[in-house]
Every structure is written in C-alpha cells, then in structure tokens.
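Heads up, model-v7.cif below (mmCIF, C-alpha atoms and all ligand atoms):
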data_model
#
loop_
_atom_site.label_atom_id
_atom_site.label_comp_id
_atom_site.auth_asym_id
_atom_site.auth_seq_id
_atom_site.Cartn_x
_atom_site.Cartn_y
_atom_site.Cartn_z
CA MET A 1 0.00 0.00 0.00
CA SER A 2 1.31 3.45 -0.68
CA ASP A 3 -0.90 6.14 0.74
CA SER A 4 -0.48 9.82 1.44
CA PRO A 5 -1.22 11.40 4.85
CA ALA A 6 -4.40 12.73 3.24
CA THR A 7 -5.86 9.23 3.60
CA ARG A 8 -5.55 9.39 7.39
CA ARG A 9 -8.79 9.22 9.32
CA SER A 10 -9.69 9.67 12.98
CA LEU A 11 -12.71 8.38 14.89
CA GLU A 12 -13.69 8.53 18.53
CA VAL A 13 -15.02 5.79 20.82
CA ALA A 14 -17.38 7.63 23.17
CA LEU A 15 -18.00 5.98 26.55
CA GLY A 16 -20.07 8.33 28.71
CA GLU A 17 -17.64 10.83 30.22
CA ARG A 18 -14.66 9.11 28.63
CA SER A 19 -13.56 8.67 25.05
CA TYR A 20 -10.54 7.56 23.09
CA PRO A 21 -9.38 8.03 19.52
CA ILE A 22 -8.88 5.56 16.70
CA HIS A 23 -6.37 6.88 14.16
CA ILE A 24 -6.20 5.12 10.80
CA GLY A 25 -3.68 5.60 8.03
CA PRO A 26 -0.26 4.75 6.61
CA GLY A 27 2.99 5.49 8.41
CA LEU A 28 1.62 5.86 11.95
CA ILE A 29 4.17 3.53 13.53
CA GLY A 30 7.29 5.59 13.93
CA ASP A 31 5.45 8.92 13.91
CA PRO A 32 5.88 10.28 17.50
CA ALA A 33 2.93 12.63 17.06
CA TRP A 34 0.49 9.71 17.26
CA LEU A 35 1.68 7.61 20.19
CA THR A 36 3.33 10.06 22.59
CA PRO A 37 0.18 12.00 23.62
CA HIS A 38 -1.39 8.78 24.89
CA LEU A 39 1.37 7.74 27.29
CA ALA A 40 0.46 8.00 30.98
CA GLY A 41 4.02 8.69 32.16
CA ARG A 42 7.61 8.01 31.16
CA GLN A 43 7.62 4.22 31.58
CA VAL A 44 6.66 2.29 28.43
CA MET A 45 6.52 -1.49 27.87
CA ILE A 46 6.07 -2.59 24.26
CA VAL A 47 4.60 -6.10 24.05
CA THR A 48 4.88 -7.86 20.71
CA ASN A 49 5.74 -11.28 19.30
CA GLU A 50 8.58 -12.94 17.43
CA THR A 51 6.85 -12.57 14.02
CA VAL A 52 5.86 -8.92 14.31
CA ALA A 53 8.99 -7.65 16.09
CA PRO A 54 11.41 -7.95 13.12
CA HIS A 55 9.02 -5.92 10.95
CA TYR A 56 7.84 -3.12 13.21
CA LEU A 57 9.47 -2.99 16.66
CA ALA A 58 12.50 -0.88 15.70
CA ARG A 59 10.30 1.58 13.82
CA LEU A 60 7.99 1.95 16.82
CA ARG A 61 10.92 2.51 19.18
CA GLU A 62 12.54 5.07 16.88
CA GLY A 63 9.39 7.13 17.01
CA LEU A 64 9.46 7.46 20.82
CA PRO A 65 11.13 10.46 22.48
CA GLY A 66 14.55 9.75 24.07
CA GLU A 67 13.60 10.75 27.63
CA LEU A 68 11.27 7.75 28.04
CA THR A 69 12.21 4.48 29.76
CA VAL A 70 11.23 1.94 27.09
CA HIS A 71 11.32 -1.82 27.65
CA GLU A 72 10.19 -4.48 25.22
CA LEU A 73 8.85 -7.99 25.63
CA ILE A 74 8.85 -10.33 22.64
CA LEU A 75 6.51 -13.28 23.21
CA PRO A 76 6.19 -16.47 21.13
CA ASP A 77 3.61 -16.37 18.33
CA GLY A 78 0.29 -18.17 18.09
CA GLU A 79 -3.25 -18.53 19.43
CA ALA A 80 -2.00 -21.44 21.58
CA THR A 81 0.09 -18.91 23.55
CA LYS A 82 -2.96 -16.83 24.49
CA THR A 83 -2.75 -18.08 28.07
CA LEU A 84 -2.44 -16.86 31.62
CA ALA A 85 1.19 -18.06 31.56
CA SER A 86 1.98 -15.56 28.77
CA VAL A 87 0.22 -12.77 30.64
CA THR A 88 2.27 -13.67 33.71
CA ARG A 89 5.38 -13.10 31.60
CA ILE A 90 4.15 -9.56 30.94
CA TRP A 91 3.58 -8.94 34.67
CA ASP A 92 7.05 -10.41 35.44
CA ALA A 93 8.67 -8.06 32.91
CA LEU A 94 6.83 -5.04 34.35
CA LEU A 95 7.92 -5.88 37.90
CA GLU A 96 11.50 -6.61 36.86
CA ALA A 97 11.61 -3.22 35.14
CA GLY A 98 10.26 -1.56 38.32
CA PHE A 99 7.26 -0.11 36.50
CA ASN A 100 4.58 1.67 38.54
CA ARG A 101 0.96 2.73 38.04
CA ARG A 102 1.86 5.49 35.61
CA CYS A 103 3.37 3.08 33.10
CA THR A 104 1.85 2.41 29.66
CA LEU A 105 1.71 -0.92 27.85
CA VAL A 106 1.81 -0.79 24.07
CA ALA A 107 0.36 -3.82 22.25
CA LEU A 108 2.11 -4.18 18.90
CA GLY A 109 0.62 -7.10 16.96
CA GLY A 110 -2.56 -9.00 16.16
CA GLY A 111 -5.51 -9.83 18.35
CA VAL A 112 -3.60 -12.34 20.46
CA ILE A 113 -1.04 -9.75 21.57
CA GLY A 114 -3.75 -7.09 21.95
CA ASP A 115 -6.06 -9.26 24.08
CA MET A 116 -3.22 -10.43 26.36
CA THR A 117 -1.58 -7.02 26.74
CA GLY A 118 -4.93 -5.42 27.51
CA PHE A 119 -5.63 -8.05 30.17
CA ALA A 120 -2.15 -7.58 31.67
CA ALA A 121 -2.82 -3.82 31.79
CA ALA A 122 -6.24 -4.34 33.38
CA CYS A 123 -4.74 -6.27 36.30
CA TYR A 124 -1.24 -4.82 36.79
CA GLN A 125 -1.31 -2.80 40.00
CA ARG A 126 -5.12 -2.84 39.60
CA GLY A 127 -5.07 -1.17 36.22
CA VAL A 128 -2.62 0.79 34.05
CA ALA A 129 -2.79 2.52 30.69
CA PHE A 130 -2.47 0.67 27.39
CA VAL A 131 -2.41 1.60 23.72
CA GLN A 132 -3.35 -0.70 20.85
CA VAL A 133 -1.14 -0.74 17.73
CA PRO A 134 -2.90 -3.52 15.74
CA THR A 135 -0.99 -5.05 12.84
CA THR A 136 -3.47 -7.61 11.43
CA LEU A 137 -6.63 -6.70 9.56
CA LEU A 138 -8.65 -8.58 12.17
CA ALA A 139 -7.12 -6.59 15.00
CA GLN A 140 -7.52 -3.31 13.10
CA VAL A 141 -11.23 -3.80 12.41
CA ASP A 142 -12.25 -5.55 15.63
CA SER A 143 -10.07 -6.72 18.51
CA SER A 144 -8.19 -3.45 19.17
CA VAL A 145 -11.46 -1.54 19.63
CA GLY A 146 -13.90 -1.97 22.51
CA GLY A 147 -11.88 -3.19 25.46
CA LYS A 148 -12.56 -6.94 25.52
CA THR A 149 -9.29 -8.36 26.85
CA GLY A 150 -8.34 -11.83 28.07
CA VAL A 151 -7.00 -15.28 27.44
CA ASN A 152 -8.25 -18.73 26.44
CA HIS A 153 -8.87 -21.67 28.77
CA PRO A 154 -8.47 -25.25 27.49
CA LEU A 155 -12.24 -25.62 27.96
CA GLY A 156 -13.27 -22.42 26.18
CA LYS A 157 -12.29 -19.29 24.22
CA ASN A 158 -11.61 -16.03 26.06
CA MET A 159 -12.95 -17.51 29.28
CA ILE A 160 -10.70 -15.44 31.55
CA GLY A 161 -10.64 -11.70 30.96
CA ALA A 162 -11.78 -8.17 31.72
CA PHE A 163 -13.27 -5.16 30.02
CA TRP A 164 -10.44 -2.63 29.92
CA GLN A 165 -10.35 0.11 27.33
CA PRO A 166 -7.19 1.29 25.58
CA ARG A 167 -6.16 4.96 25.69
CA ALA A 168 -5.92 5.00 21.89
CA VAL A 169 -5.96 2.71 18.86
CA LEU A 170 -3.29 3.49 16.25
CA ILE A 171 -3.94 1.65 12.99
CA ASP A 172 -0.98 1.80 10.62
CA THR A 173 -2.40 0.43 7.37
CA ASP A 174 1.12 -0.11 5.98
CA THR A 175 1.48 -3.14 8.28
CA LEU A 176 -0.96 -5.10 6.12
CA ARG A 177 1.69 -5.36 3.39
CA THR A 178 3.49 -8.10 5.32
CA LEU A 179 0.37 -9.97 6.44
CA PRO A 180 -0.05 -13.50 5.00
CA GLU A 181 -3.04 -13.93 2.67
CA ARG A 182 -4.72 -16.45 4.96
CA GLU A 183 -4.64 -13.91 7.82
CA LEU A 184 -6.10 -11.23 5.55
CA SER A 185 -9.04 -13.53 4.76
CA ALA A 186 -9.53 -14.18 8.47
CA GLY A 187 -9.75 -10.43 9.05
CA LEU A 188 -12.28 -10.06 6.25
CA ALA A 189 -14.60 -12.42 8.15
CA GLU A 190 -15.05 -9.82 10.90
CA VAL A 191 -15.50 -7.06 8.27
CA ILE A 192 -18.27 -9.08 6.60
CA LYS A 193 -19.79 -9.62 10.06
CA TYR A 194 -20.44 -5.86 10.43
CA GLY A 195 -22.31 -5.78 7.13
CA LEU A 196 -24.38 -8.81 8.08
CA ILE A 197 -25.39 -7.58 11.53
CA ARG A 198 -25.82 -3.87 11.00
CA ASP A 199 -25.24 -2.36 7.57
CA ALA A 200 -26.75 -3.82 4.40
CA ALA A 201 -25.27 -1.02 2.26
CA PHE A 202 -21.79 -1.84 3.57
CA LEU A 203 -22.43 -5.49 2.70
CA ASP A 204 -23.33 -4.46 -0.87
CA TRP A 205 -20.14 -2.39 -1.05
CA LEU A 206 -18.05 -5.26 0.30
CA GLU A 207 -19.49 -7.70 -2.18
CA ALA A 208 -18.19 -5.47 -4.99
CA GLU A 209 -14.88 -4.53 -3.34
CA LEU A 210 -13.68 -7.90 -2.00
CA PRO A 211 -11.29 -8.44 -4.93
CA ALA A 212 -9.80 -4.96 -4.36
CA LEU A 213 -9.51 -5.63 -0.64
CA ARG A 214 -7.70 -8.91 -1.28
CA ARG A 215 -5.31 -7.02 -3.58
CA LEU A 216 -4.68 -4.59 -0.68
CA GLU A 217 -5.87 -1.58 -2.61
CA PRO A 218 -5.38 1.33 -0.18
CA ALA A 219 -8.62 3.24 -0.75
CA ALA A 220 -10.77 0.12 -0.34
CA LEU A 221 -8.85 -1.06 2.71
CA THR A 222 -9.03 2.31 4.45
CA ARG A 223 -12.78 2.44 3.81
CA ALA A 224 -13.32 -1.11 5.10
CA ILE A 225 -11.30 -0.44 8.26
CA GLU A 226 -12.94 2.92 8.87
CA ARG A 227 -16.52 1.66 8.44
CA SER A 228 -15.84 -1.42 10.58
CA CYS A 229 -14.39 0.72 13.36
CA GLU A 230 -17.28 3.18 13.12
CA LEU A 231 -19.81 0.38 13.48
CA LYS A 232 -17.94 -1.24 16.35
CA ALA A 233 -17.42 2.10 18.14
CA GLU A 234 -21.14 2.83 17.86
CA ILE A 235 -22.10 -0.53 19.39
CA VAL A 236 -19.51 -0.35 22.16
CA ALA A 237 -20.59 3.19 23.01
CA ALA A 238 -24.16 1.94 23.42
CA ASP A 239 -23.27 -1.13 25.50
CA GLU A 240 -19.69 -1.27 26.78
CA THR A 241 -20.02 -4.44 28.86
CA GLU A 242 -22.34 -6.52 26.67
CA GLN A 243 -25.59 -6.23 28.58
CA GLY A 244 -27.52 -6.18 25.29
CA VAL A 245 -26.78 -4.95 21.77
CA ARG A 246 -23.01 -5.66 21.97
CA ALA A 247 -23.81 -9.38 21.80
CA LEU A 248 -24.65 -8.87 18.12
CA LEU A 249 -20.89 -8.59 17.51
CA ASN A 250 -20.85 -12.30 18.37
CA LEU A 251 -22.56 -13.40 15.13
CA GLY A 252 -21.05 -16.77 14.21
CA HIS A 253 -19.01 -16.90 17.42
CA THR A 254 -21.06 -19.48 19.36
CA PHE A 255 -20.32 -21.99 16.60
CA GLY A 256 -16.88 -20.53 15.77
CA HIS A 257 -15.49 -20.52 19.30
CA ALA A 258 -16.60 -24.15 19.66
CA ILE A 259 -14.66 -25.00 16.48
CA GLU A 260 -11.52 -23.20 17.71
CA ALA A 261 -11.55 -24.96 21.08
CA HIS A 262 -12.37 -28.38 19.62
CA GLN A 263 -9.73 -28.22 16.90
CA GLY A 264 -6.98 -26.98 19.25
CA TYR A 265 -6.27 -23.25 19.43
CA GLY A 266 -4.55 -21.97 16.29
CA ASN A 267 -5.41 -24.84 13.97
CA TRP A 268 -8.43 -22.93 12.71
CA LEU A 269 -7.82 -19.18 12.65
CA HIS A 270 -10.41 -17.19 14.62
CA GLY A 271 -11.68 -15.52 11.43
CA GLU A 272 -11.96 -18.87 9.65
CA ALA A 273 -13.94 -20.39 12.50
CA ILE A 274 -16.35 -17.49 12.73
CA GLY A 275 -16.66 -17.42 8.93
CA ALA A 276 -17.95 -21.00 9.08
CA GLY A 277 -19.97 -20.02 12.17
CA MET A 278 -21.67 -17.19 10.28
CA ALA A 279 -22.57 -19.58 7.45
CA MET A 280 -24.12 -21.87 10.10
CA ALA A 281 -25.99 -18.97 11.72
CA ALA A 282 -27.33 -17.92 8.29
CA GLU A 283 -28.57 -21.42 7.53
CA LEU A 284 -30.25 -21.71 10.96
CA SER A 285 -31.86 -18.31 10.34
CA ARG A 286 -33.32 -19.74 7.10
CA ARG A 287 -34.64 -22.81 8.88
CA LEU A 288 -36.36 -20.51 11.42
CA GLY A 289 -38.11 -18.78 8.52
CA TRP A 290 -36.17 -15.50 8.54
CA LEU A 291 -33.62 -15.60 5.70
CA SER A 292 -34.50 -16.78 2.21
CA ALA A 293 -32.49 -19.49 0.48
CA ALA A 294 -31.16 -16.78 -1.85
CA GLU A 295 -29.90 -14.72 1.12
CA VAL A 296 -28.13 -17.75 2.60
CA GLU A 297 -26.57 -18.42 -0.79
CA ARG A 298 -25.47 -14.79 -1.07
CA THR A 299 -23.89 -14.90 2.40
CA ALA A 300 -21.97 -18.04 1.42
CA THR A 301 -20.81 -16.47 -1.84
CA ILE A 302 -19.47 -13.39 -0.03
CA LEU A 303 -17.64 -15.51 2.56
CA ALA A 304 -16.16 -17.69 -0.18
CA ALA A 305 -15.06 -14.60 -2.12
CA ALA A 306 -13.14 -13.53 0.97
CA GLY A 307 -11.29 -16.87 0.90
CA LEU A 308 -13.04 -18.35 3.92
CA PRO A 309 -14.09 -21.98 4.56
CA LEU A 310 -17.81 -22.67 4.46
CA ALA A 311 -17.89 -26.03 6.18
CA ALA A 312 -17.40 -27.28 9.74
CA PRO A 313 -14.55 -29.62 10.76
CA ALA A 314 -15.00 -33.22 9.60
CA ASP A 315 -14.28 -34.68 13.04
CA MET A 316 -16.72 -32.50 14.97
CA GLY A 317 -20.01 -34.14 15.84
CA VAL A 318 -23.27 -32.72 17.18
CA ASP A 319 -22.34 -33.54 20.79
CA ASP A 320 -18.93 -31.89 20.42
CA PHE A 321 -20.63 -28.69 19.30
CA LEU A 322 -23.30 -28.81 21.98
CA ALA A 323 -20.86 -29.46 24.83
CA LEU A 324 -18.74 -26.45 23.89
CA MET A 325 -21.67 -24.18 23.01
CA ARG A 326 -23.14 -24.81 26.47
CA LEU A 327 -20.17 -22.89 27.95
CA ASP A 328 -20.74 -19.80 25.80
CA LYS A 329 -20.56 -16.55 27.75
CA LYS A 330 -23.79 -15.21 26.25
CA ASN A 331 -25.91 -17.99 27.74
CA VAL A 332 -28.26 -17.15 30.60
CA ASP A 333 -28.77 -19.95 33.12
CA ASP A 334 -29.16 -23.02 30.88
CA ARG A 335 -30.61 -21.11 27.91
CA LEU A 336 -28.46 -21.01 24.79
CA ARG A 337 -28.43 -17.53 23.24
CA LEU A 338 -27.52 -17.36 19.55
CA ILE A 339 -27.02 -14.37 17.28
CA LEU A 340 -29.12 -14.91 14.17
CA LEU A 341 -30.12 -12.89 11.12
CA GLU A 342 -33.63 -11.54 10.58
CA THR A 343 -32.44 -10.29 7.22
CA LEU A 344 -29.04 -9.41 5.74
CA GLY A 345 -28.00 -6.29 7.67
CA ARG A 346 -30.08 -6.98 10.78
CA ALA A 347 -29.09 -9.40 13.54
CA VAL A 348 -31.02 -10.43 16.65
CA ILE A 349 -30.30 -12.18 19.94
CA HIS A 350 -32.34 -15.38 19.98
CA ASP A 351 -32.78 -17.84 22.86
CA LYS A 352 -35.71 -19.89 21.60
CA THR A 353 -34.19 -22.14 18.97
CA PRO A 354 -35.83 -25.56 19.44
CA ARG A 355 -33.21 -28.04 20.51
CA ALA A 356 -34.18 -30.51 17.73
CA GLN A 357 -33.76 -27.82 15.08
CA LEU A 358 -30.30 -26.90 16.35
CA GLU A 359 -29.27 -30.57 16.43
CA GLU A 360 -30.56 -31.04 12.87
CA LEU A 361 -28.51 -28.07 11.70
CA LEU A 362 -25.37 -29.34 13.44
CA ALA A 363 -25.86 -32.83 11.99
CA SER A 364 -26.57 -31.73 8.43
CA PHE A 365 -24.19 -28.79 8.00
CA PRO A 366 -21.43 -29.63 5.48
CA ARG A 367 -18.09 -30.90 6.83
CA ARG A 368 -14.62 -30.66 5.39
N1 LIG B 1 -10.94 -8.40 21.91
C1 LIG B 1 -11.79 -8.52 20.89
O1 LIG B 1 -12.80 -7.81 20.79
C2 LIG B 1 -11.50 -9.52 19.82
C3 LIG B 1 -12.15 -9.41 18.59
C4 LIG B 1 -11.83 -10.34 17.60
C5 LIG B 1 -10.86 -11.31 17.83
N2 LIG B 1 -10.26 -11.35 19.04
C6 LIG B 1 -9.19 -12.32 19.29
O2 LIG B 1 -8.10 -11.97 18.42
C7 LIG B 1 -7.35 -13.14 18.13
C8 LIG B 1 -7.14 -13.24 16.62
O3 LIG B 1 -6.41 -12.11 16.22
P1 LIG B 1 -5.54 -12.13 14.88
O4 LIG B 1 -6.35 -12.69 13.80
O5 LIG B 1 -4.93 -10.81 14.76
O6 LIG B 1 -4.47 -13.26 15.22
P2 LIG B 1 -2.94 -13.19 15.71
O7 LIG B 1 -2.78 -12.16 16.73
O8 LIG B 1 -2.57 -14.59 16.04
O9 LIG B 1 -2.19 -12.74 14.39
C9 LIG B 1 -2.24 -13.56 13.26
C10 LIG B 1 -0.82 -13.90 12.75
O10 LIG B 1 -0.30 -12.79 12.02
C11 LIG B 1 0.98 -12.44 12.52
N3 LIG B 1 1.12 -11.02 12.27
C12 LIG B 1 0.56 -9.99 12.95
N4 LIG B 1 0.77 -8.85 12.30
C13 LIG B 1 1.49 -9.13 11.21
C14 LIG B 1 1.98 -8.36 10.14
N5 LIG B 1 1.73 -7.07 10.02
N6 LIG B 1 2.71 -8.96 9.19
C15 LIG B 1 2.94 -10.31 9.25
N7 LIG B 1 2.46 -11.11 10.21
C16 LIG B 1 1.73 -10.51 11.18
C17 LIG B 1 0.94 -12.87 13.94
O11 LIG B 1 2.25 -12.99 14.47
C18 LIG B 1 0.20 -14.19 13.82
O12 LIG B 1 1.06 -15.20 13.38
C19 LIG B 1 -8.14 -14.31 18.67
O13 LIG B 1 -7.56 -14.70 19.89
C20 LIG B 1 -9.51 -13.73 18.91
O14 LIG B 1 -10.19 -14.39 19.93
C21 LIG B 1 -10.55 -10.49 20.02
O1 LIG B 2 -16.18 -6.96 20.79
C1 LIG B 2 -17.06 -7.83 20.94
O2 LIG B 2 -17.98 -7.70 21.75
C2 LIG B 2 -17.01 -9.07 20.14
O3 LIG B 2 -17.77 -9.98 20.41
C3 LIG B 2 -16.03 -9.14 19.03
C4 LIG B 2 -15.67 -10.56 18.61
O4 LIG B 2 -15.30 -10.49 17.24
C5 LIG B 2 -14.48 -11.12 19.36
O5 LIG B 2 -14.09 -12.33 18.79
C6 LIG B 2 -14.60 -11.23 20.86
O6 LIG B 2 -13.36 -11.51 21.43
C7 LIG B 2 -15.55 -12.30 21.29
O7 LIG B 2 -15.85 -12.10 22.60
P1 LIG B 2 -16.40 -13.22 23.57
O8 LIG B 2 -16.99 -12.44 24.68
O9 LIG B 2 -17.41 -14.01 22.79
O10 LIG B 2 -15.24 -14.04 23.99
ZN ZN B 3 -14.37 -12.33 16.63
#
Before anything else, please render the file you have as structure tokens.
Ligand SMILES: NC(=O)c1ccc[n+]([C@@H]2O[C@H](COP(=O)([O-])OP(=O)(O)OC[C@H]3O[C@@H](n4cnc5c(N)ncnc54)[C@H](O)[C@@H]3O)[C@@H](O)[C@H]2O)c1
Ligand SMILES: O=C(O)C(=O)C[C@@H](O)[C@H](O)[C@H](O)COP(=O)(O)O
Ligand SMILES: [Zn+2]
Amino acid sequence: MSDSPATRRSLEVALGERSYPIHIGPGLIGDPAWLTPHLAGRQVMIVTNETVAPHYLARLREGLPGELTVHELILPDGEATKTLASVTRIWDALLEAGFNRRCTLVALGGGVIGDMTGFAAACYQRGVAFVQVPTTLLAQVDSSVGGKTGVNHPLGKNMIGAFWQPRAVLIDTDTLRTLPERELSAGLAEVIKYGLIRDAAFLDWLEAELPALRRLEPAALTRAIERSCELKAEIVAADETEQGVRALLNLGHTFGHAIEAHQGYGNWLHGEAIGAGMAMAAELSRRLGWLSAAEVERTATILAAAGLPLAAPADMGVDDFLALMRLDKKNVDDRLRLILLETLGRAVIHDKTPRAQLEELLASFPRR
C-alpha cells in the first residue's frame, strides 16, 4: 500500500464521560505525534511477538522520544500462547523493570497480543494505561477496539478476561503489506460480520470490493477499516459491557469458538472459524423462517469470495458442538443464546431455537 497522509482518518469511541481516539492511516508507527500524547508517564513497555517484532518494533521505538524508559517484551507467536502463563510473563517483565501505576503498555501485533496485553494492563497494580497498535486486519477492524481483553482456557475461548479500554488505537495500514493472505481472509470475516449484523449497504459495497480488498488496494482497505471501526465504536458506546446490543458482535461466534476450542487453538484461525460459524448462523436463520435461500446463498458467496471456509470440521459431531456451546458466555442460566439474522444487515439475539432444530442443523451442515 502506498498512501499519502491525506488518507488518514480519525474516529472517537465515546464511553459516557470518557472517550478515546482511533487513528487510521499509513505510516503511523514511527510517527511520534500519534503515540506520545497517549502515554500515561515516562515508563513504556512494548509487548509484541517474534513474528511482528522484526518488521515493526525498531520503527515503533525510533518514534518514541529519548527521555522515556522503554522496555520491550517479545513473546512467542500463536493462538495457543494466548494463556495466563503468557500474561504472567508480561507482569514479570513489568515488575523486573520496576514499573509503577503510571506506566503504559503498548500492544504491537494482532488480536492475540492485543487481548493479552490489555488483560495484563487491566490487572497490573489494579489497572494501568495501554495503547493498541494492531498489525493484522482482524485486529484493526475488531479486537483493538472496545476493550474486551483476556486469554483462552483449554475448555473455552476467552474464558478469563476483563473489560479494559485502551487509551488510543493506532492503525498503521502499511502493516498489512506483510500480512499473509490467509490472515487477511480471516480479518475479512469480521469485516463481513459488520455488514451482516448492522449495515446492508456496507455489505453491498463489500461484495463489490472484496477483490480490491484482497489485492490490498489502499482506498478500499481504508474504507473497510474505517466503516468497521465506526460500526464497532457505535455498538460499544451503546453497550460497553455486553448487557444487550453488543452481543450482536458475536454473530457466528457461538459456533466458531466451539470450532476453535475443539480443533486446538490456532489450527483454525479465529476468522476462519467465525466465517464458518456465520454460514451456520445464516442457515439456521433460514430454517427458522427468517432468511431466504437466496440470502443464505449470497452470504456463502461473499464468505467464499473472501477466501473463507464454508464447512465445519470433519471430526466435529453434534455432541462436540453442543458441549462447547453450552459454555458460551452469552448464555443465561441453561438457555443457549444465539445471534441470528432476521435479514441481511439486521441481527437479533435469539434464545428460543428448538433443541431438535439446532441438532438437525449441526448434523446436516457440510463438513470438510
Ligand atoms: N478483543 C476482541 O474484541 C476480539 C475481537 C476479535 C478477535 N479477538 C481475538 O483476536 C485473536 C485473533 O487475532 P488475529 O487474527 O490478529 O491473530 P494473531 O494475533 O494470532 O495474528 C495472526 C498472525 O499474524 C501475525 N502477524 C501480525 N501482524 C502481522 C503483520 N503485520 N505482518 C505479518 N504477520 C503478522 C501474527 O504474528 C500471527 O502469526 C483471537 O484470539 C480472537 O479471539 C478479540
Ligand atoms: O467486541 C465484541 O464484543 C465481540 O464480540 C467481538 C468478537 O469479534 C471477538 O471475537 C470477541 O473476542 C468475542 O468475545 P467473547 O466475549 O465471545 O469471547
Ligand atoms: Zn471475533
């Protein structure tokens, strides 16, 4: 991507009395004007991983003023490392560096680094500042915004965590140049999600622009990131801690999180699992009489055009799904709550799916 500063955009996440900015554009990493105003004090810990560090760590450090005390922690890569043990490594590094409550953690990486660094910040000395510098499409359009932080448990995705908002989200679109194609597709799953749950016009636009997005065309990418962040910021502003409408952001996740946990974290990418999960949610919505067959077909075509799988894992049976779905965080008492589609562009929270109908869907949905 080669963009000019004119393509930079800024949005705000408004949370009652508080708010924080999302800056989007090329060349933000390494530009001191963007990060420095969001630091709480002089102590800075950059948390990243062994894949991202060689590309972007030096540039980020160069952009920080010399009077700061900057430490870095380079963690191993992978969804399987999204654990309490990794977060403990962040706390160890902070204590070894003698960092106090006025320190700032900077998460440089994808959603795994962002979720863990945010959780470390939420708990360190009962809460310190953190800034998100997301470097995957998925993290830029979703995980860096909204303050869901945490780690996985062997029995379920994101089971241990906290709501803890960043001070700022700095999205350097240049970082997408080094992102593997499979990861780009995974990020597109969350972009498509916004169109499906909330914005039919955006879905129409995406349908036309997916080839441009997959070619990393700057104007299309900036638009997709900006609209996704706008939609997420709007939902988070209305319901920061998921008492209601925020649950719509979980379209496809009840099925998708079950797939991720069953297959072993990292074997299916998060975006791949929720892509398949959204196809399952669309088909169930049809069986409940809401979506037409043509709308389900259109959803599948869009997901396929993004390079996403449309089938569930071959070795995952109905009982495997049900056992994992029972642990979903959205459930109330023993009632399963699913996010389904009334139409393309409008999602609902639904807790009345007849058990037999769900089992039929899980049994008949294609496998790969
Ligand atoms: N907190 C939230 O609201 C939220 C939202 C969506 C997803 N998530 C979580 O985010 C995680 C998925 O995030 P992800 O898809 O970013 O995965 P990830 O963090 O594992 O990153 C994907 C891969 O890309 C590599 N990478 C990152 N940036 C790169 C770059 N610029 N160039 C080359 N390689 C790069 C990473 O090292 C990794 O190998 C999951 O754990 C998911 O549960 C959280
Ligand atoms: O921000 C939210 O709210 C979301 O649900 C966004 C999801 O894309 C994301 O995967 C999130 O981490 C899922 O949250 P969980 O509460 O279902 O673990
Ligand atoms: Zn997600």
Just give me the gap between CA of Leu338 in chain A and CA of Ala247 in chain A in Å, one decimal is fine.
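Straight-line distance from CA of Leu338 in chain A to CA of Ala247 in chain A works out to 9.1 Å.
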Nearby polymer residues, ligand LIG 1 (chain B), at most 6 Å, all atoms listed in the file, as number ranges by chain:
A: 51-52, 77-79, 109-113, 115, 135-136, 138-139, 142-143, 148-149, 175-176, 178-179, 183, 270
Grab me every residue within 10 Å of ligand ZN 3 (chain B), counting only C-alpha atoms and all ligand atoms, and send it over as a ChimeraX atom specification.
/A:111,138-139,142-143,186-187,189-191,193,249-253,256-257,270-275
If you count all atoms listed in the file, which residues fall within 9 Å of range 18-29 of chain A, apart from same-chain ones fewer than 5 positions away, as a ChimeraX atom specification?
/A:1-13,34-35,56-57,59-61,63,133,140,145,165-175,222,225-226,229
Kindly save the residues from that selection, with C-alpha atoms included, as a PDB file, in the frame of the given file.
ATOM      1  CA  MET A   1       0.000   0.000   0.000  1.00  0.00           C
ATOM      2  CA  SER A   2       1.310   3.450  -0.680  1.00  0.00           C
ATOM      3  CA  ASP A   3      -0.900   6.140   0.740  1.00  0.00           C
ATOM      4  CA  SER A   4      -0.480   9.820   1.440  1.00  0.00           C
ATOM      5  CA  PRO A   5      -1.220  11.400   4.850  1.00  0.00           C
ATOM      6  CA  ALA A   6      -4.400  12.730   3.240  1.00  0.00           C
ATOM      7  CA  THR A   7      -5.860   9.230   3.600  1.00  0.00           C
ATOM      8  CA  ARG A   8      -5.550   9.390   7.390  1.00  0.00           C
ATOM      9  CA  ARG A   9      -8.790   9.220   9.320  1.00  0.00           C
ATOM     10  CA  SER A  10      -9.690   9.670  12.980  1.00  0.00           C
ATOM     11  CA  LEU A  11     -12.710   8.380  14.890  1.00  0.00           C
ATOM     12  CA  GLU A  12     -13.690   8.530  18.530  1.00  0.00           C
ATOM     13  CA  VAL A  13     -15.020   5.790  20.820  1.00  0.00           C
ATOM     14  CA  TRP A  34       0.490   9.710  17.260  1.00  0.00           C
ATOM     15  CA  LEU A  35       1.680   7.610  20.190  1.00  0.00           C
ATOM     16  CA  TYR A  56       7.840  -3.120  13.210  1.00  0.00           C
ATOM     17  CA  LEU A  57       9.470  -2.990  16.660  1.00  0.00           C
ATOM     18  CA  ARG A  59      10.300   1.580  13.820  1.00  0.00           C
ATOM     19  CA  LEU A  60       7.990   1.950  16.820  1.00  0.00           C
ATOM     20  CA  ARG A  61      10.920   2.510  19.180  1.00  0.00           C
ATOM     21  CA  GLY A  63       9.390   7.130  17.010  1.00  0.00           C
ATOM     22  CA  VAL A 133      -1.140  -0.740  17.730  1.00  0.00           C
ATOM     23  CA  GLN A 140      -7.520  -3.310  13.100  1.00  0.00           C
ATOM     24  CA  VAL A 145     -11.460  -1.540  19.630  1.00  0.00           C
ATOM     25  CA  GLN A 165     -10.350   0.110  27.330  1.00  0.00           C
ATOM     26  CA  PRO A 166      -7.190   1.290  25.580  1.00  0.00           C
ATOM     27  CA  ARG A 167      -6.160   4.960  25.690  1.00  0.00           C
ATOM     28  CA  ALA A 168      -5.920   5.000  21.890  1.00  0.00           C
ATOM     29  CA  VAL A 169      -5.960   2.710  18.860  1.00  0.00           C
ATOM     30  CA  LEU A 170      -3.290   3.490  16.250  1.00  0.00           C
ATOM     31  CA  ILE A 171      -3.940   1.650  12.990  1.00  0.00           C
ATOM     32  CA  ASP A 172      -0.980   1.800  10.620  1.00  0.00           C
ATOM     33  CA  THR A 173      -2.400   0.430   7.370  1.00  0.00           C
ATOM     34  CA  ASP A 174       1.120  -0.110   5.980  1.00  0.00           C
ATOM     35  CA  THR A 175       1.480  -3.140   8.280  1.00  0.00           C
ATOM     36  CA  THR A 222      -9.030   2.310   4.450  1.00  0.00           C
ATOM     37  CA  ILE A 225     -11.300  -0.440   8.260  1.00  0.00           C
ATOM     38  CA  GLU A 226     -12.940   2.920   8.870  1.00  0.00           C
ATOM     39  CA  CYS A 229     -14.390   0.720  13.360  1.00  0.00           C
TER      40      CYS A 229
END
So that I can check the surroundings of Ala14 in chain A, please list as a list in words every protein, DNA and RNA residue that reaches within 10 Å of it, counting only C-alpha atoms and ignoring chain neighbours fewer than 6 positions away.
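In the requested format, the answer is Tyr20, Pro21, Ala233, Glu234, Val236, Ala237, Ala238 and Glu240 of chain A.
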